[in-house]
Amino acid sequence: MTILYPEAWPQFFTATAYNWLPLFEKDEAKNILIESLQHFTRSRKVIINGFVIMSNHLHLIWQAMHGHTIEKIEQSFLSFTAHQLKKYLIKNDPQLLEQFRVNAEDRMYQFWKRRSLGIELFTPAVFQQKLDYIHSNPVKAGLCKYPEEYCYSSARFYYDGTDCFDMLNKY
């Protein structure tokens with residue numbers, strides 16, 4: 001059996017909800033992102049080394065696997081999750097859905113801010129700095145005292161090895 005390794009550097013990725021709205025305040029909305037990320041890892045398109053999902057944005061450290069590009073994975077992730085979030089909001093929070101309504105020719109709703117941030121992580125030091133930044137987000141937001149206490153983060157995985165979502169790989 002041939003083992004296929006990543007062809008690109010890990011990337012620090014940030015996606016922000018349109019107008020910084022609290023799209024991921026409820027766990028059900030966060031779980032839409034988790035399920036999508038799980039799909040990408042199970043289909044061997046991407047390795048996920050770290051993440052945090054906050055109320056209005058998420059940060060990831062991920063790496064495209066052989067035969068895939070991070071640009072296509074990013075586009076697919078943002079598009080798929082937007083469709084799933086729309087379905088969720090239609091059913092569960094139509095008032096919040098209306099805050100994502102836009103006057104655009106190609107869409108009625110926009111869930112993600114344009115131009116997500118992606119930075120290649122060329123050195124272990126920069127990788128660690130970004131991972132620490134990701135894990136400190138919930139602490140700085142006052143959601144927990146210690147990073148490993150926040151459920152929607154990889155901090156616990158790095159603290160004690162627990163991968164609650166079965167999708168993480170240590171770098």
# chains A, B, ... in the order shown; residues from 1 in each chain; ligands from 1
call {"tool": "residues_around", "arguments": {"residues": "Pro138 of chain A", "least_positions_apart": "2", "cutoff": "12 Å", "atoms": "only C-alpha atoms", "output": "ChimeraX atom specification"}}
result
/A:51-59,132-136,140-155
call {"tool": "select_by_dssp", "arguments": {"residues": "segment 34-101 of chain A", "states": "helix (DSSP H, G or I)", "output": "PyMOL selection string"}}
result
chain A and resi 34-42+70-92+94-98
call {"tool": "write_last_selection", "arguments": {"atoms": "C-alpha atoms", "output": "PDB file, in the first residue's frame"}}
result
ATOM      1  CA  ILE A  34     -17.710  19.955  12.818  1.00  0.00           C
ATOM      2  CA  GLU A  35     -19.592  17.479  10.609  1.00  0.00           C
ATOM      3  CA  SER A  36     -18.186  19.088   7.483  1.00  0.00           C
ATOM      4  CA  LEU A  37     -14.634  18.980   8.858  1.00  0.00           C
ATOM      5  CA  GLN A  38     -15.125  15.337   9.862  1.00  0.00           C
ATOM      6  CA  HIS A  39     -16.198  14.544   6.309  1.00  0.00           C
ATOM      7  CA  PHE A  40     -13.044  16.123   4.882  1.00  0.00           C
ATOM      8  CA  THR A  41     -10.801  14.184   7.261  1.00  0.00           C
ATOM      9  CA  ARG A  42     -12.595  10.860   6.703  1.00  0.00           C
ATOM     10  CA  ILE A  70      -6.472  23.847   0.124  1.00  0.00           C
ATOM     11  CA  GLU A  71      -8.185  26.385  -2.156  1.00  0.00           C
ATOM     12  CA  LYS A  72     -10.703  23.806  -3.413  1.00  0.00           C
ATOM     13  CA  ILE A  73     -11.221  22.393   0.073  1.00  0.00           C
ATOM     14  CA  GLU A  74     -11.788  25.897   1.453  1.00  0.00           C
ATOM     15  CA  GLN A  75     -14.291  26.750  -1.287  1.00  0.00           C
ATOM     16  CA  SER A  76     -16.123  23.456  -0.811  1.00  0.00           C
ATOM     17  CA  PHE A  77     -16.193  23.847   2.978  1.00  0.00           C
ATOM     18  CA  LEU A  78     -17.548  27.405   2.864  1.00  0.00           C
ATOM     19  CA  SER A  79     -20.132  26.590   0.197  1.00  0.00           C
ATOM     20  CA  PHE A  80     -21.384  23.384   1.813  1.00  0.00           C
ATOM     21  CA  THR A  81     -21.602  24.862   5.302  1.00  0.00           C
ATOM     22  CA  ALA A  82     -23.433  27.938   3.967  1.00  0.00           C
ATOM     23  CA  HIS A  83     -26.115  25.666   2.467  1.00  0.00           C
ATOM     24  CA  GLN A  84     -26.382  23.644   5.671  1.00  0.00           C
ATOM     25  CA  LEU A  85     -26.538  26.773   7.828  1.00  0.00           C
ATOM     26  CA  LYS A  86     -29.298  28.179   5.645  1.00  0.00           C
ATOM     27  CA  LYS A  87     -31.364  24.995   6.101  1.00  0.00           C
ATOM     28  CA  TYR A  88     -30.739  25.084   9.838  1.00  0.00           C
ATOM     29  CA  LEU A  89     -31.739  28.747  10.177  1.00  0.00           C
ATOM     30  CA  ILE A  90     -34.875  28.365   8.041  1.00  0.00           C
ATOM     31  CA  LYS A  91     -36.063  25.714  10.470  1.00  0.00           C
ATOM     32  CA  ASN A  92     -34.681  27.010  13.783  1.00  0.00           C
ATOM     33  CA  PRO A  94     -35.652  32.632  10.761  1.00  0.00           C
ATOM     34  CA  GLN A  95     -35.006  35.973  12.482  1.00  0.00           C
ATOM     35  CA  LEU A  96     -31.261  35.375  12.468  1.00  0.00           C
ATOM     36  CA  LEU A  97     -31.474  34.145   8.877  1.00  0.00           C
ATOM     37  CA  GLU A  98     -32.908  37.502   7.803  1.00  0.00           C
TER      38      GLU A  98
END
call {"tool": "select_by_dssp", "arguments": {"residues": "chain A", "states": "strand (DSSP E or B)", "output": "number ranges by chain"}}
result
A: 11-17, 46-53, 57-64, 101, 109, 112, 117-120, 153, 168
call {"tool": "atom_distance", "arguments": {"atom1": "atom CA of Leu168 of chain A", "atom2": "atom CA of Phe111 of chain A"}}
result
25.4 Å
call {"tool": "atom_distance", "arguments": {"atom1": "atom CA of Lys130 of chain A", "atom2": "atom CA of Phe12 of chain A"}}
result
7.0 Å
call {"tool": "closest_residue", "arguments": {"among": "A:Leu60, A:Met65, A:Met108, A:Leu23", "to": "Lys45 of chain A", "atoms": "only C-alpha atoms"}}
result
A:Met65
call {"tool": "closest_residue", "arguments": {"among": "A:Val126, A:Val102, A:Val46, A:Leu131", "to": "Tyr18 of chain A", "atoms": "only C-alpha atoms"}}
result
A:Val102
call {"tool": "atom_distance", "arguments": {"atom1": "atom CA of Ile47 of chain A", "atom2": "atom CA of Met167 of chain A"}}
result
8.0 Å
call {"tool": "residues_around", "arguments": {"residues": "Ile61 of chain A", "least_positions_apart": "2", "cutoff": "7 Å", "atoms": "only C-alpha atoms", "output": "PDB file with C-alpha atoms, in the first residue's frame"}}
result
ATOM      1  CA  PRO A  10      -0.154  23.448   6.991  1.00  0.00           C
ATOM      2  CA  GLN A  11      -2.301  26.552   6.762  1.00  0.00           C
ATOM      3  CA  PHE A  12      -3.784  28.826   9.406  1.00  0.00           C
ATOM      4  CA  PHE A  13      -7.296  29.587   8.177  1.00  0.00           C
ATOM      5  CA  ILE A  48      -6.769  19.055  10.799  1.00  0.00           C
ATOM      6  CA  ASN A  49      -4.177  19.951  13.402  1.00  0.00           C
ATOM      7  CA  GLY A  50      -6.112  22.539  15.371  1.00  0.00           C
ATOM      8  CA  PHE A  51      -9.368  24.469  15.502  1.00  0.00           C
TER       9      PHE A  51
END
call {"tool": "closest_residue", "arguments": {"among": "A:Val139, A:Ala17, A:Ala8, A:Phe24", "to": "Trp112 of chain A", "atoms": "only C-alpha atoms"}}
result
A:Ala17
call {"tool": "decode", "arguments": {"residues": "segment 18-163 of chain A", "atoms": "C-alpha atoms", "output": "compact mmCIF listing (two decimals), in the first residue's frame"}}
result
# COMPACT_ATOMS: atom_id res chain seq x y z
CA TYR A 18 -20.94 37.85 7.52
CA ASN A 19 -20.98 41.17 9.42
CA TRP A 20 -19.53 39.35 12.44
CA LEU A 21 -23.02 38.08 13.29
CA PRO A 22 -23.27 35.38 16.01
CA LEU A 23 -23.98 32.57 13.56
CA PHE A 24 -22.35 29.89 15.73
CA GLU A 25 -23.75 30.85 19.11
CA LYS A 26 -25.75 27.61 19.31
CA ASP A 27 -24.06 24.22 19.41
CA GLU A 28 -26.25 22.95 16.54
CA ALA A 29 -24.68 25.54 14.24
CA LYS A 30 -21.19 24.68 15.47
CA ASN A 31 -21.93 21.01 14.79
CA ILE A 32 -22.61 21.82 11.12
CA LEU A 33 -18.99 22.97 10.86
CA ILE A 34 -17.71 19.95 12.82
CA GLU A 35 -19.59 17.48 10.61
CA SER A 36 -18.19 19.09 7.48
CA LEU A 37 -14.63 18.98 8.86
CA GLN A 38 -15.12 15.34 9.86
CA HIS A 39 -16.20 14.54 6.31
CA PHE A 40 -13.04 16.12 4.88
CA THR A 41 -10.80 14.18 7.26
CA ARG A 42 -12.60 10.86 6.70
CA SER A 43 -12.41 11.29 2.93
CA ARG A 44 -8.67 11.98 3.31
CA LYS A 45 -8.79 15.40 1.73
CA VAL A 46 -7.36 17.29 4.67
CA ILE A 47 -5.53 16.87 7.96
CA ILE A 48 -6.77 19.05 10.80
CA ASN A 49 -4.18 19.95 13.40
CA GLY A 50 -6.11 22.54 15.37
CA PHE A 51 -9.37 24.47 15.50
CA VAL A 52 -11.66 26.68 17.51
CA ILE A 53 -15.23 27.67 16.73
CA MET A 54 -16.35 30.93 18.29
CA SER A 55 -19.77 32.61 18.05
CA ASN A 56 -18.91 34.51 14.85
CA HIS A 57 -15.76 32.93 13.39
CA LEU A 58 -13.59 29.88 13.30
CA HIS A 59 -9.86 29.30 13.12
CA LEU A 60 -8.30 26.15 11.71
CA ILE A 61 -4.88 24.75 11.12
CA TRP A 62 -5.33 22.32 8.28
CA GLN A 63 -3.31 20.78 5.50
CA ALA A 64 -4.45 19.48 2.11
CA MET A 65 -3.67 15.84 1.43
CA HIS A 66 -2.13 14.46 -1.76
CA GLY A 67 -4.23 15.20 -4.83
CA HIS A 68 -6.20 18.01 -3.20
CA THR A 69 -5.66 21.75 -2.90
CA ILE A 70 -6.47 23.85 0.12
CA GLU A 71 -8.18 26.38 -2.16
CA LYS A 72 -10.70 23.81 -3.41
CA ILE A 73 -11.22 22.39 0.07
CA GLU A 74 -11.79 25.90 1.45
CA GLN A 75 -14.29 26.75 -1.29
CA SER A 76 -16.12 23.46 -0.81
CA PHE A 77 -16.19 23.85 2.98
CA LEU A 78 -17.55 27.41 2.86
CA SER A 79 -20.13 26.59 0.20
CA PHE A 80 -21.38 23.38 1.81
CA THR A 81 -21.60 24.86 5.30
CA ALA A 82 -23.43 27.94 3.97
CA HIS A 83 -26.12 25.67 2.47
CA GLN A 84 -26.38 23.64 5.67
CA LEU A 85 -26.54 26.77 7.83
CA LYS A 86 -29.30 28.18 5.64
CA LYS A 87 -31.36 24.99 6.10
CA TYR A 88 -30.74 25.08 9.84
CA LEU A 89 -31.74 28.75 10.18
CA ILE A 90 -34.88 28.36 8.04
CA LYS A 91 -36.06 25.71 10.47
CA ASN A 92 -34.68 27.01 13.78
CA ASP A 93 -34.01 30.76 13.66
CA PRO A 94 -35.65 32.63 10.76
CA GLN A 95 -35.01 35.97 12.48
CA LEU A 96 -31.26 35.37 12.47
CA LEU A 97 -31.47 34.14 8.88
CA GLU A 98 -32.91 37.50 7.80
CA GLN A 99 -29.78 39.24 9.09
CA PHE A 100 -27.81 37.35 6.42
CA ARG A 101 -30.04 38.52 3.56
CA VAL A 102 -28.07 40.40 0.89
CA ASN A 103 -28.91 42.25 -2.29
CA ALA A 104 -26.74 40.23 -4.66
CA GLU A 105 -27.32 38.82 -8.12
CA ASP A 106 -25.94 35.38 -7.32
CA ARG A 107 -27.41 34.77 -3.83
CA MET A 108 -30.15 35.68 -1.44
CA TYR A 109 -28.10 35.09 1.71
CA GLN A 110 -24.44 35.43 2.57
CA PHE A 111 -23.10 33.58 5.59
CA TRP A 112 -19.34 34.03 5.23
CA LYS A 113 -17.38 37.25 4.99
CA ARG A 114 -15.57 37.50 1.66
CA ARG A 115 -11.84 36.77 1.51
CA SER A 116 -11.15 34.37 4.33
CA LEU A 117 -7.66 34.52 5.77
CA GLY A 118 -5.20 31.76 4.92
CA ILE A 119 -1.54 31.79 5.95
CA GLU A 120 0.94 29.00 5.23
CA LEU A 121 2.86 27.89 8.31
CA PHE A 122 6.45 27.32 7.21
CA THR A 123 8.13 26.79 10.57
CA PRO A 124 7.32 24.90 13.78
CA ALA A 125 7.58 28.15 15.74
CA VAL A 126 4.94 29.90 13.62
CA PHE A 127 2.77 26.78 13.73
CA GLN A 128 2.94 26.76 17.55
CA GLN A 129 2.24 30.49 17.76
CA LYS A 130 -0.93 30.08 15.67
CA LEU A 131 -2.02 27.00 17.63
CA ASP A 132 -1.59 28.90 20.91
CA TYR A 133 -3.54 31.83 19.44
CA ILE A 134 -6.40 29.51 18.42
CA HIS A 135 -6.56 27.89 21.84
CA SER A 136 -6.49 31.21 23.71
CA ASN A 137 -9.55 32.61 21.84
CA PRO A 138 -12.23 31.22 24.24
CA VAL A 139 -10.21 32.29 27.28
CA LYS A 140 -9.86 35.86 25.96
CA ALA A 141 -13.59 35.88 25.18
CA GLY A 142 -14.36 34.90 28.79
CA LEU A 143 -15.94 31.56 27.84
CA CYS A 144 -13.62 29.50 30.04
CA LYS A 145 -10.72 29.84 32.43
CA TYR A 146 -8.44 27.33 30.68
CA PRO A 147 -8.31 26.56 26.95
CA GLU A 148 -8.93 22.81 27.43
CA GLU A 149 -12.29 23.57 29.09
CA TYR A 150 -13.83 24.87 25.86
CA CYS A 151 -15.55 22.06 23.95
CA TYR A 152 -15.36 23.42 20.40
CA SER A 153 -11.59 23.56 20.26
CA SER A 154 -8.61 21.27 19.82
CA ALA A 155 -7.05 22.51 23.09
CA ARG A 156 -8.20 19.45 25.05
CA PHE A 157 -6.63 17.20 22.40
CA TYR A 158 -3.27 18.89 22.96
CA TYR A 159 -3.80 18.92 26.74
CA ASP A 160 -4.69 15.25 27.36
CA GLY A 161 -5.10 13.53 23.98
CA THR A 162 -8.92 13.54 23.98
CA ASP A 163 -10.29 14.02 20.46
